[in-house]
Amino acid sequence: MVVRSRLEGEMDKLALQLTSSIEHDVNIWYYDVLVDIAHVLGLMKQNYLLEEEAAKIVAGLMEIAYEIERSGKLPEKGEDIHEAIEAKLTEIVGEAGMKMHTARSRNDEVATCLRMFARNALLTLAETILELRRVLITKAEEHIDTIIPGFTHLQYAQPTKLSHHLIAFHDMFERSFERCMQAFERVNLCPLGSAAFASTSFKLDREYVARLLGFDGIVENSEDAVASRDFLIESVFIACDSLLTLSRLAEEVVLWSSEFGFVELPDEYASSSSIMPQKKNPDVAEIVRAKAGRVAGNLTAAMAIYKAMPLAYNRDFQEMNPLLYESLKDACLSFKVMADMVAKLAFKTEVMEKKAGEGFASATYVAEMLAKKGIPFRKAHKIVGRLSAEVLDGVSACSSAEGLYEKLVEIMKEMSEGPIPDREEFENWLDVKNVVESRAVVGGTSAEEVRRMLEERKRKLEEDSKRIEERREKVKESIELMKKRAIELIEKL
């Protein structure tokens, strides 16, 4: 059934193919059935449907849902899932099915379905982000004292700790988690009852229907309710933002498993070459990098479609829906797989610690120690800069700690700077373990500070887990209560 009330003849087949959304509606058929049931209960509550009519409609809807779940196929008639279900329902229950659409438009119907999809997907994304956060904290606890090289501009910069590095990723993902939860609050509002955009003359109880569907409230203005897709764009943005950070972790896995030699990939998250039998390729991490780019494209597309669109409803909106489905599903899957992979990464700690001192990585610390002796930091920076040039140019005299010390003394005397440290003191400055433990400021790399950060983040993980559980349970309870009412209604038939 394609609604053609005013129009004569059938729609052109190619035009129908172009405008049909049925291919993507598999993502929201379940939500559409729930929306239909809630709307029917709402109509009955306001005496626009007899109890017997409502019971027949609800029974028919449950039959349709069961058949879709059993067969994996959507009803065939209709250009979208809303029409297809209505046509199938009328086929099953007769004229009563034609009353289901009373006081409703596909505009408020699809907006409600999209918000239900988005709220569920946002919670799922938050859960998978939380799972990766747990893995990162667990790995950090295992490697509190593992020293690794830190990089800027992808060049050896300063020694740091693997634990500190992993906490940095955790904290970025914690912000992504918070964005999911905050967006959920804005998404979880119900547009149903707004009809096409100007509401309806039927006296609907919009708050009642919203509660049945587990929403926290309604989108009050009926035009705003159907004409806005900022919630969709925000949801795609959150998927994009989360994946951008995940792509940075994926890139490090790629780099660290290559020439750096810092990690051994688990076999189940790598691939071999079709021609080179020795290869172990980081394909999973590479695909995650690509997913971030693809979802960034989805965000751009969604914004471009939405830009300058006049109020109220426009069919252009339909092209935004697949961008929502794909972006959130890709983000959820990517986080789940990366969490599982990172949990099984084997860090080559000996290699990492050996390379932690490369590139005269303790140079900054040496400059700091000279500054603490009274030399202005900019002058200390210049002294160590000259020393670094000879170290990195491979001057043989600087190949040992003793030779490096003698060169430092030579440079400081030449620049008439002092006081000059003694040799033992200077050699302690070169020890990367001393360097990382000296960073005892808030957020630094010392063992004590890392342990403090880990304890705080472990507490936060538990709090965040409860937040998701509470949110899920609240929605679930509402939906289950609605289903219970629907079953009780059917039993009266």
# chains A, B, ... in the order shown; residues from 1 in each chain; ligands from 1
>>> closest_atom_pairs(of="segment 135-169 of chain A", to="segment 347-363 of chain A", cutoff="8 Å", atoms="only C-alpha atoms", output="tab-separated table")
residue	atom	partner	partner_atom	distance
A:Thr146	CA	A:Thr349	CA	6.5
A:Ile147	CA	A:Glu353	CA	5.1
A:Ile148	CA	A:Met352	CA	4.9
A:Pro149	CA	A:Ala356	CA	3.9
A:Gly150	CA	A:Ala356	CA	7.4
A:Tyr156	CA	A:Gly359	CA	5.7
A:Ala157	CA	A:Ala361	CA	5.4
A:Gln158	CA	A:Ala361	CA	4.5
A:Pro159	CA	A:Ala356	CA	5.2
A:Thr160	CA	A:Ala356	CA	7.7
>>> select_by_dssp(residues="segment 140-274 of chain A", states="helix (DSSP H, G or I)", output="PDB file with N, CA and C atoms, in the first residue's frame")
ATOM      1  N   ALA A 140      46.942  -0.503  32.325  1.00  0.00           N
ATOM      2  CA  ALA A 140      47.779   0.491  33.008  1.00  0.00           C
ATOM      3  C   ALA A 140      48.220  -0.015  34.382  1.00  0.00           C
ATOM      4  N   GLU A 141      47.312  -0.694  35.080  1.00  0.00           N
ATOM      5  CA  GLU A 141      47.665  -1.259  36.389  1.00  0.00           C
ATOM      6  C   GLU A 141      48.754  -2.306  36.262  1.00  0.00           C
ATOM      7  N   GLU A 142      48.703  -3.063  35.171  1.00  0.00           N
ATOM      8  CA  GLU A 142      49.707  -4.102  34.955  1.00  0.00           C
ATOM      9  C   GLU A 142      51.074  -3.512  34.617  1.00  0.00           C
ATOM     10  N   LEU A 162      54.099   3.589  30.249  1.00  0.00           N
ATOM     11  CA  LEU A 162      52.992   2.985  29.515  1.00  0.00           C
ATOM     12  C   LEU A 162      51.681   3.232  30.266  1.00  0.00           C
ATOM     13  N   SER A 163      51.722   3.143  31.577  1.00  0.00           N
ATOM     14  CA  SER A 163      50.513   3.365  32.380  1.00  0.00           C
ATOM     15  C   SER A 163      49.983   4.781  32.173  1.00  0.00           C
ATOM     16  N   HIS A 164      50.859   5.752  32.203  1.00  0.00           N
ATOM     17  CA  HIS A 164      50.482   7.153  32.023  1.00  0.00           C
ATOM     18  C   HIS A 164      49.890   7.363  30.627  1.00  0.00           C
ATOM     19  N   HIS A 165      50.490   6.747  29.649  1.00  0.00           N
ATOM     20  CA  HIS A 165      50.057   6.844  28.255  1.00  0.00           C
ATOM     21  C   HIS A 165      48.650   6.257  28.085  1.00  0.00           C
ATOM     22  N   LEU A 166      48.411   5.118  28.696  1.00  0.00           N
ATOM     23  CA  LEU A 166      47.102   4.461  28.588  1.00  0.00           C
ATOM     24  C   LEU A 166      46.031   5.256  29.331  1.00  0.00           C
ATOM     25  N   ILE A 167      46.410   5.867  30.452  1.00  0.00           N
ATOM     26  CA  ILE A 167      45.449   6.708  31.175  1.00  0.00           C
ATOM     27  C   ILE A 167      45.039   7.900  30.314  1.00  0.00           C
ATOM     28  N   ALA A 168      45.986   8.426  29.552  1.00  0.00           N
ATOM     29  CA  ALA A 168      45.653   9.547  28.655  1.00  0.00           C
ATOM     30  C   ALA A 168      44.565   9.144  27.675  1.00  0.00           C
ATOM     31  N   PHE A 169      44.692   7.952  27.088  1.00  0.00           N
ATOM     32  CA  PHE A 169      43.653   7.467  26.184  1.00  0.00           C
ATOM     33  C   PHE A 169      42.341   7.261  26.939  1.00  0.00           C
ATOM     34  N   HIS A 170      42.434   6.678  28.131  1.00  0.00           N
ATOM     35  CA  HIS A 170      41.219   6.469  28.931  1.00  0.00           C
ATOM     36  C   HIS A 170      40.475   7.780  29.133  1.00  0.00           C
ATOM     37  N   ASP A 171      41.206   8.833  29.464  1.00  0.00           N
ATOM     38  CA  ASP A 171      40.562  10.103  29.773  1.00  0.00           C
ATOM     39  C   ASP A 171      39.893  10.715  28.553  1.00  0.00           C
ATOM     40  N   MET A 172      40.492  10.523  27.393  1.00  0.00           N
ATOM     41  CA  MET A 172      39.852  10.997  26.167  1.00  0.00           C
ATOM     42  C   MET A 172      38.553  10.235  25.925  1.00  0.00           C
ATOM     43  N   PHE A 173      38.599   8.932  26.155  1.00  0.00           N
ATOM     44  CA  PHE A 173      37.392   8.120  25.958  1.00  0.00           C
ATOM     45  C   PHE A 173      36.336   8.404  27.030  1.00  0.00           C
ATOM     46  N   GLU A 174      36.775   8.818  28.213  1.00  0.00           N
ATOM     47  CA  GLU A 174      35.810   9.180  29.250  1.00  0.00           C
ATOM     48  C   GLU A 174      34.985  10.387  28.791  1.00  0.00           C
ATOM     49  N   ARG A 175      35.633  11.335  28.109  1.00  0.00           N
ATOM     50  CA  ARG A 175      34.894  12.484  27.589  1.00  0.00           C
ATOM     51  C   ARG A 175      33.921  12.052  26.489  1.00  0.00           C
ATOM     52  N   SER A 176      34.339  11.095  25.674  1.00  0.00           N
ATOM     53  CA  SER A 176      33.424  10.568  24.656  1.00  0.00           C
ATOM     54  C   SER A 176      32.224   9.909  25.323  1.00  0.00           C
ATOM     55  N   PHE A 177      32.483   9.179  26.390  1.00  0.00           N
ATOM     56  CA  PHE A 177      31.413   8.543  27.155  1.00  0.00           C
ATOM     57  C   PHE A 177      30.432   9.595  27.673  1.00  0.00           C
ATOM     58  N   GLU A 178      30.956  10.666  28.237  1.00  0.00           N
ATOM     59  CA  GLU A 178      30.099  11.721  28.778  1.00  0.00           C
ATOM     60  C   GLU A 178      29.251  12.357  27.686  1.00  0.00           C
ATOM     61  N   ARG A 179      29.815  12.511  26.508  1.00  0.00           N
ATOM     62  CA  ARG A 179      29.039  13.085  25.403  1.00  0.00           C
ATOM     63  C   ARG A 179      27.875  12.170  25.033  1.00  0.00           C
ATOM     64  N   CYS A 180      28.109  10.863  25.066  1.00  0.00           N
ATOM     65  CA  CYS A 180      27.026   9.908  24.802  1.00  0.00           C
ATOM     66  C   CYS A 180      25.899  10.096  25.811  1.00  0.00           C
ATOM     67  N   MET A 181      26.249  10.167  27.076  1.00  0.00           N
ATOM     68  CA  MET A 181      25.244  10.248  28.123  1.00  0.00           C
ATOM     69  C   MET A 181      24.492  11.578  28.089  1.00  0.00           C
ATOM     70  N   GLN A 182      25.210  12.652  27.808  1.00  0.00           N
ATOM     71  CA  GLN A 182      24.563  13.957  27.711  1.00  0.00           C
ATOM     72  C   GLN A 182      23.634  14.018  26.503  1.00  0.00           C
ATOM     73  N   ALA A 183      24.064  13.455  25.385  1.00  0.00           N
ATOM     74  CA  ALA A 183      23.230  13.437  24.179  1.00  0.00           C
ATOM     75  C   ALA A 183      21.977  12.605  24.416  1.00  0.00           C
ATOM     76  N   PHE A 184      22.110  11.518  25.158  1.00  0.00           N
ATOM     77  CA  PHE A 184      20.952  10.681  25.470  1.00  0.00           C
ATOM     78  C   PHE A 184      19.840  11.524  26.091  1.00  0.00           C
ATOM     79  N   GLU A 185      20.193  12.431  26.988  1.00  0.00           N
ATOM     80  CA  GLU A 185      19.193  13.273  27.655  1.00  0.00           C
ATOM     81  C   GLU A 185      18.431  14.117  26.642  1.00  0.00           C
ATOM     82  N   ARG A 186      19.127  14.627  25.629  1.00  0.00           N
ATOM     83  CA  ARG A 186      18.468  15.470  24.632  1.00  0.00           C
ATOM     84  C   ARG A 186      17.673  14.643  23.621  1.00  0.00           C
ATOM     85  N   VAL A 187      18.151  13.434  23.339  1.00  0.00           N
ATOM     86  CA  VAL A 187      17.483  12.565  22.369  1.00  0.00           C
ATOM     87  C   VAL A 187      16.208  11.964  22.947  1.00  0.00           C
ATOM     88  N   ARG A 206      -0.167  13.336  25.152  1.00  0.00           N
ATOM     89  CA  ARG A 206       1.194  13.095  24.641  1.00  0.00           C
ATOM     90  C   ARG A 206       2.134  12.593  25.732  1.00  0.00           C
ATOM     91  N   GLU A 207       1.982  13.115  26.926  1.00  0.00           N
ATOM     92  CA  GLU A 207       2.863  12.695  28.024  1.00  0.00           C
ATOM     93  C   GLU A 207       2.645  11.223  28.371  1.00  0.00           C
ATOM     94  N   TYR A 208       1.409  10.772  28.312  1.00  0.00           N
ATOM     95  CA  TYR A 208       1.089   9.373  28.597  1.00  0.00           C
ATOM     96  C   TYR A 208       1.796   8.452  27.605  1.00  0.00           C
ATOM     97  N   VAL A 209       1.688   8.780  26.320  1.00  0.00           N
ATOM     98  CA  VAL A 209       2.322   7.949  25.283  1.00  0.00           C
ATOM     99  C   VAL A 209       3.844   7.988  25.419  1.00  0.00           C
ATOM    100  N   ALA A 210       4.383   9.162  25.759  1.00  0.00           N
ATOM    101  CA  ALA A 210       5.834   9.281  25.952  1.00  0.00           C
ATOM    102  C   ALA A 210       6.309   8.361  27.074  1.00  0.00           C
ATOM    103  N   ARG A 211       5.538   8.325  28.174  1.00  0.00           N
ATOM    104  CA  ARG A 211       5.909   7.445  29.298  1.00  0.00           C
ATOM    105  C   ARG A 211       5.862   5.984  28.885  1.00  0.00           C
ATOM    106  N   LEU A 212       4.864   5.607  28.089  1.00  0.00           N
ATOM    107  CA  LEU A 212       4.763   4.216  27.633  1.00  0.00           C
ATOM    108  C   LEU A 212       6.021   3.794  26.884  1.00  0.00           C
ATOM    109  N   SER A 222       5.078  21.291  18.333  1.00  0.00           N
ATOM    110  CA  SER A 222       4.813  20.230  17.360  1.00  0.00           C
ATOM    111  C   SER A 222       5.616  20.400  16.069  1.00  0.00           C
ATOM    112  N   GLU A 223       5.893  21.640  15.699  1.00  0.00           N
ATOM    113  CA  GLU A 223       6.675  21.856  14.475  1.00  0.00           C
ATOM    114  C   GLU A 223       8.140  21.505  14.708  1.00  0.00           C
ATOM    115  N   ASP A 224       8.655  21.945  15.833  1.00  0.00           N
ATOM    116  CA  ASP A 224      10.027  21.583  16.206  1.00  0.00           C
ATOM    117  C   ASP A 224      10.183  20.067  16.274  1.00  0.00           C
ATOM    118  N   ALA A 225       9.150  19.395  16.799  1.00  0.00           N
ATOM    119  CA  ALA A 225       9.212  17.944  17.013  1.00  0.00           C
ATOM    120  C   ALA A 225       9.463  17.174  15.723  1.00  0.00           C
ATOM    121  N   VAL A 226       8.826  17.601  14.625  1.00  0.00           N
ATOM    122  CA  VAL A 226       8.963  16.847  13.366  1.00  0.00           C
ATOM    123  C   VAL A 226       9.969  17.475  12.413  1.00  0.00           C
ATOM    124  N   ALA A 227      10.277  18.770  12.595  1.00  0.00           N
ATOM    125  CA  ALA A 227      11.112  19.476  11.618  1.00  0.00           C
ATOM    126  C   ALA A 227      12.576  19.544  12.025  1.00  0.00           C
ATOM    127  N   ASP A 230      18.470  17.901  14.639  1.00  0.00           N
ATOM    128  CA  ASP A 230      19.715  18.179  15.351  1.00  0.00           C
ATOM    129  C   ASP A 230      20.112  17.010  16.234  1.00  0.00           C
ATOM    130  N   PHE A 231      19.097  16.281  16.762  1.00  0.00           N
ATOM    131  CA  PHE A 231      19.406  15.108  17.587  1.00  0.00           C
ATOM    132  C   PHE A 231      20.117  14.045  16.759  1.00  0.00           C
ATOM    133  N   LEU A 232      19.741  13.926  15.477  1.00  0.00           N
ATOM    134  CA  LEU A 232      20.377  12.953  14.584  1.00  0.00           C
ATOM    135  C   LEU A 232      21.812  13.372  14.297  1.00  0.00           C
ATOM    136  N   ILE A 233      21.988  14.652  13.974  1.00  0.00           N
ATOM    137  CA  ILE A 233      23.335  15.156  13.679  1.00  0.00           C
ATOM    138  C   ILE A 233      24.235  15.028  14.897  1.00  0.00           C
ATOM    139  N   GLU A 234      23.694  15.344  16.076  1.00  0.00           N
ATOM    140  CA  GLU A 234      24.496  15.218  17.293  1.00  0.00           C
ATOM    141  C   GLU A 234      24.896  13.767  17.537  1.00  0.00           C
ATOM    142  N   SER A 235      23.993  12.848  17.271  1.00  0.00           N
ATOM    143  CA  SER A 235      24.298  11.430  17.460  1.00  0.00           C
ATOM    144  C   SER A 235      25.388  10.972  16.500  1.00  0.00           C
ATOM    145  N   VAL A 236      25.305  11.428  15.241  1.00  0.00           N
ATOM    146  CA  VAL A 236      26.353  11.091  14.263  1.00  0.00           C
ATOM    147  C   VAL A 236      27.669  11.736  14.675  1.00  0.00           C
ATOM    148  N   PHE A 237      27.592  12.972  15.172  1.00  0.00           N
ATOM    149  CA  PHE A 237      28.812  13.637  15.635  1.00  0.00           C
ATOM    150  C   PHE A 237      29.478  12.855  16.760  1.00  0.00           C
ATOM    151  N   ILE A 238      28.681  12.364  17.692  1.00  0.00           N
ATOM    152  CA  ILE A 238      29.240  11.626  18.823  1.00  0.00           C
ATOM    153  C   ILE A 238      29.911  10.343  18.345  1.00  0.00           C
ATOM    154  N   ALA A 239      29.286   9.676  17.379  1.00  0.00           N
ATOM    155  CA  ALA A 239      29.928   8.494  16.784  1.00  0.00           C
ATOM    156  C   ALA A 239      31.240   8.893  16.136  1.00  0.00           C
ATOM    157  N   CYS A 240      31.225  10.015  15.410  1.00  0.00           N
ATOM    158  CA  CYS A 240      32.423  10.500  14.728  1.00  0.00           C
ATOM    159  C   CYS A 240      33.510  10.893  15.721  1.00  0.00           C
ATOM    160  N   ASP A 241      33.146  11.691  16.706  1.00  0.00           N
ATOM    161  CA  ASP A 241      34.102  12.144  17.716  1.00  0.00           C
ATOM    162  C   ASP A 241      34.750  10.959  18.436  1.00  0.00           C
ATOM    163  N   SER A 242      33.923   9.986  18.805  1.00  0.00           N
ATOM    164  CA  SER A 242      34.443   8.802  19.503  1.00  0.00           C
ATOM    165  C   SER A 242      35.411   8.030  18.617  1.00  0.00           C
ATOM    166  N   LEU A 243      35.035   7.884  17.345  1.00  0.00           N
ATOM    167  CA  LEU A 243      35.884   7.129  16.423  1.00  0.00           C
ATOM    168  C   LEU A 243      37.163   7.877  16.082  1.00  0.00           C
ATOM    169  N   LEU A 244      37.133   9.200  16.089  1.00  0.00           N
ATOM    170  CA  LEU A 244      38.360   9.959  15.833  1.00  0.00           C
ATOM    171  C   LEU A 244      39.400   9.640  16.899  1.00  0.00           C
ATOM    172  N   THR A 245      38.964   9.604  18.160  1.00  0.00           N
ATOM    173  CA  THR A 245      39.888   9.242  19.234  1.00  0.00           C
ATOM    174  C   THR A 245      40.308   7.781  19.113  1.00  0.00           C
ATOM    175  N   LEU A 246      39.347   6.924  18.780  1.00  0.00           N
ATOM    176  CA  LEU A 246      39.677   5.508  18.631  1.00  0.00           C
ATOM    177  C   LEU A 246      40.671   5.303  17.494  1.00  0.00           C
ATOM    178  N   SER A 247      40.567   6.122  16.450  1.00  0.00           N
ATOM    179  CA  SER A 247      41.492   5.988  15.325  1.00  0.00           C
ATOM    180  C   SER A 247      42.920   6.335  15.738  1.00  0.00           C
ATOM    181  N   ARG A 248      43.064   7.187  16.743  1.00  0.00           N
ATOM    182  CA  ARG A 248      44.401   7.511  17.235  1.00  0.00           C
ATOM    183  C   ARG A 248      45.004   6.312  17.964  1.00  0.00           C
ATOM    184  N   LEU A 249      44.181   5.634  18.741  1.00  0.00           N
ATOM    185  CA  LEU A 249      44.653   4.407  19.394  1.00  0.00           C
ATOM    186  C   LEU A 249      44.959   3.341  18.344  1.00  0.00           C
ATOM    187  N   ALA A 250      44.100   3.242  17.341  1.00  0.00           N
ATOM    188  CA  ALA A 250      44.328   2.265  16.269  1.00  0.00           C
ATOM    189  C   ALA A 250      45.637   2.551  15.538  1.00  0.00           C
ATOM    190  N   GLU A 251      45.915   3.827  15.304  1.00  0.00           N
ATOM    191  CA  GLU A 251      47.151   4.209  14.630  1.00  0.00           C
ATOM    192  C   GLU A 251      48.373   3.811  15.458  1.00  0.00           C
ATOM    193  N   GLU A 252      48.269   3.963  16.771  1.00  0.00           N
ATOM    194  CA  GLU A 252      49.400   3.561  17.607  1.00  0.00           C
ATOM    195  C   GLU A 252      49.606   2.051  17.571  1.00  0.00           C
ATOM    196  N   VAL A 253      48.523   1.306  17.518  1.00  0.00           N
ATOM    197  CA  VAL A 253      48.652  -0.148  17.397  1.00  0.00           C
ATOM    198  C   VAL A 253      49.361  -0.492  16.095  1.00  0.00           C
ATOM    199  N   VAL A 254      48.990   0.200  15.018  1.00  0.00           N
ATOM    200  CA  VAL A 254      49.635  -0.034  13.722  1.00  0.00           C
ATOM    201  C   VAL A 254      51.124   0.284  13.811  1.00  0.00           C
ATOM    202  N   LEU A 255      51.450   1.457  14.345  1.00  0.00           N
ATOM    203  CA  LEU A 255      52.853   1.866  14.438  1.00  0.00           C
ATOM    204  C   LEU A 255      53.639   0.961  15.381  1.00  0.00           C
ATOM    205  N   TRP A 256      53.060   0.699  16.554  1.00  0.00           N
ATOM    206  CA  TRP A 256      53.778  -0.065  17.564  1.00  0.00           C
ATOM    207  C   TRP A 256      53.994  -1.523  17.164  1.00  0.00           C
ATOM    208  N   ASP A 267      46.853 -13.085  17.280  1.00  0.00           N
ATOM    209  CA  ASP A 267      46.606 -13.648  15.957  1.00  0.00           C
ATOM    210  C   ASP A 267      45.184 -13.414  15.460  1.00  0.00           C
ATOM    211  N   GLU A 268      44.220 -13.475  16.393  1.00  0.00           N
ATOM    212  CA  GLU A 268      42.818 -13.350  15.967  1.00  0.00           C
ATOM    213  C   GLU A 268      42.441 -11.931  15.577  1.00  0.00           C
ATOM    214  N   TYR A 269      43.350 -10.975  15.755  1.00  0.00           N
ATOM    215  CA  TYR A 269      43.086  -9.602  15.342  1.00  0.00           C
ATOM    216  C   TYR A 269      44.111  -9.113  14.323  1.00  0.00           C
TER     217      TYR A 269
END
>>> select_by_dssp(residues="segment 241-389 of chain A", states="strand (DSSP E or B)", output="short mmCIF file (atom, residue, chain, number, x, y, z; two decimals) with C-alpha atoms, in the first residue's frame")
data_model
loop_
_atom_site.label_atom_id
_atom_site.label_comp_id
_atom_site.auth_asym_id
_atom_site.auth_seq_id
_atom_site.Cartn_x
_atom_site.Cartn_y
_atom_site.Cartn_z
CA VAL A 263 53.57 -4.82 20.74
CA GLU A 264 52.74 -8.29 19.46
CA SER A 271 45.77 -11.11 9.00
CA ASN A 281 49.16 -7.32 9.27
CA ALA A 346 51.30 -8.26 24.38
CA PHE A 347 53.53 -5.28 25.20
#
>>> closest_residue(among="A:Thr90, A:Thr445, A:Asn27, A:Thr128", to="Phe335 of chain A", atoms="only C-alpha atoms")
A:Thr128
>>> residues_around(residues="Arg439 of chain A", least_positions_apart="3", cutoff="12 Å", atoms="only C-alpha atoms", output="list in words")
Gln158, Pro159, Thr160, Lys161, His164, Thr364, Tyr365, Glu368, Val432, Lys433, Asn434, Val435, Val436, Val442, Gly443, Gly444, Thr445, Ser446, Ala447, Glu448, Glu449 and Val450 of chain A
>>> closest_atom_pairs(of="segment 98-127 of chain A", to="segment 39-62 of chain A", cutoff="12 Å", atoms="only C-alpha atoms", output="tab-separated table")
residue	atom	partner	partner_atom	distance
A:Met98	CA	A:Ile57	CA	9.3
A:Lys99	CA	A:Leu49	CA	7.9
A:Met100	CA	A:Val40	CA	6.3
A:His101	CA	A:His39	CA	8.5
A:Thr102	CA	A:Leu43	CA	8.0
A:Ala103	CA	A:Leu43	CA	8.5
A:Arg104	CA	A:His39	CA	8.5
A:Ser105	CA	A:His39	CA	11.3
A:Asp108	CA	A:His39	CA	11.1
A:Glu109	CA	A:His39	CA	9.4
A:Thr112	CA	A:His39	CA	11.1
>>> atom_distance(atom1="atom CA of Ser228 of chain A", atom2="atom CA of Gly297 of chain A")
20.7 Å
>>> closest_residue(among="A:Phe260, A:Leu392, A:Lys474, A:Ala292", to="Asp216 of chain A", atoms="only C-alpha atoms")
A:Lys474
>>> closest_residue(among="A:Asp12, A:Asp422, A:Glu83, A:Glu455", to="Leu370 of chain A", atoms="only C-alpha atoms")
A:Asp422
>>> closest_residue(among="A:Ser388, A:Thr19, A:Ser199, A:Ser71", to="Asp316 of chain A", atoms="only C-alpha atoms")
A:Thr19
>>> residues_around(residues="Ile28 of chain A", least_positions_apart="4", cutoff="7 Å", atoms="only C-alpha atoms", output="list in words")
Asp32, Cys113 and Phe117 of chain A
>>> closest_residue(among="A:Phe202, A:Phe151, A:Phe197, A:Phe262", to="Leu345 of chain A", atoms="only C-alpha atoms")
A:Phe262
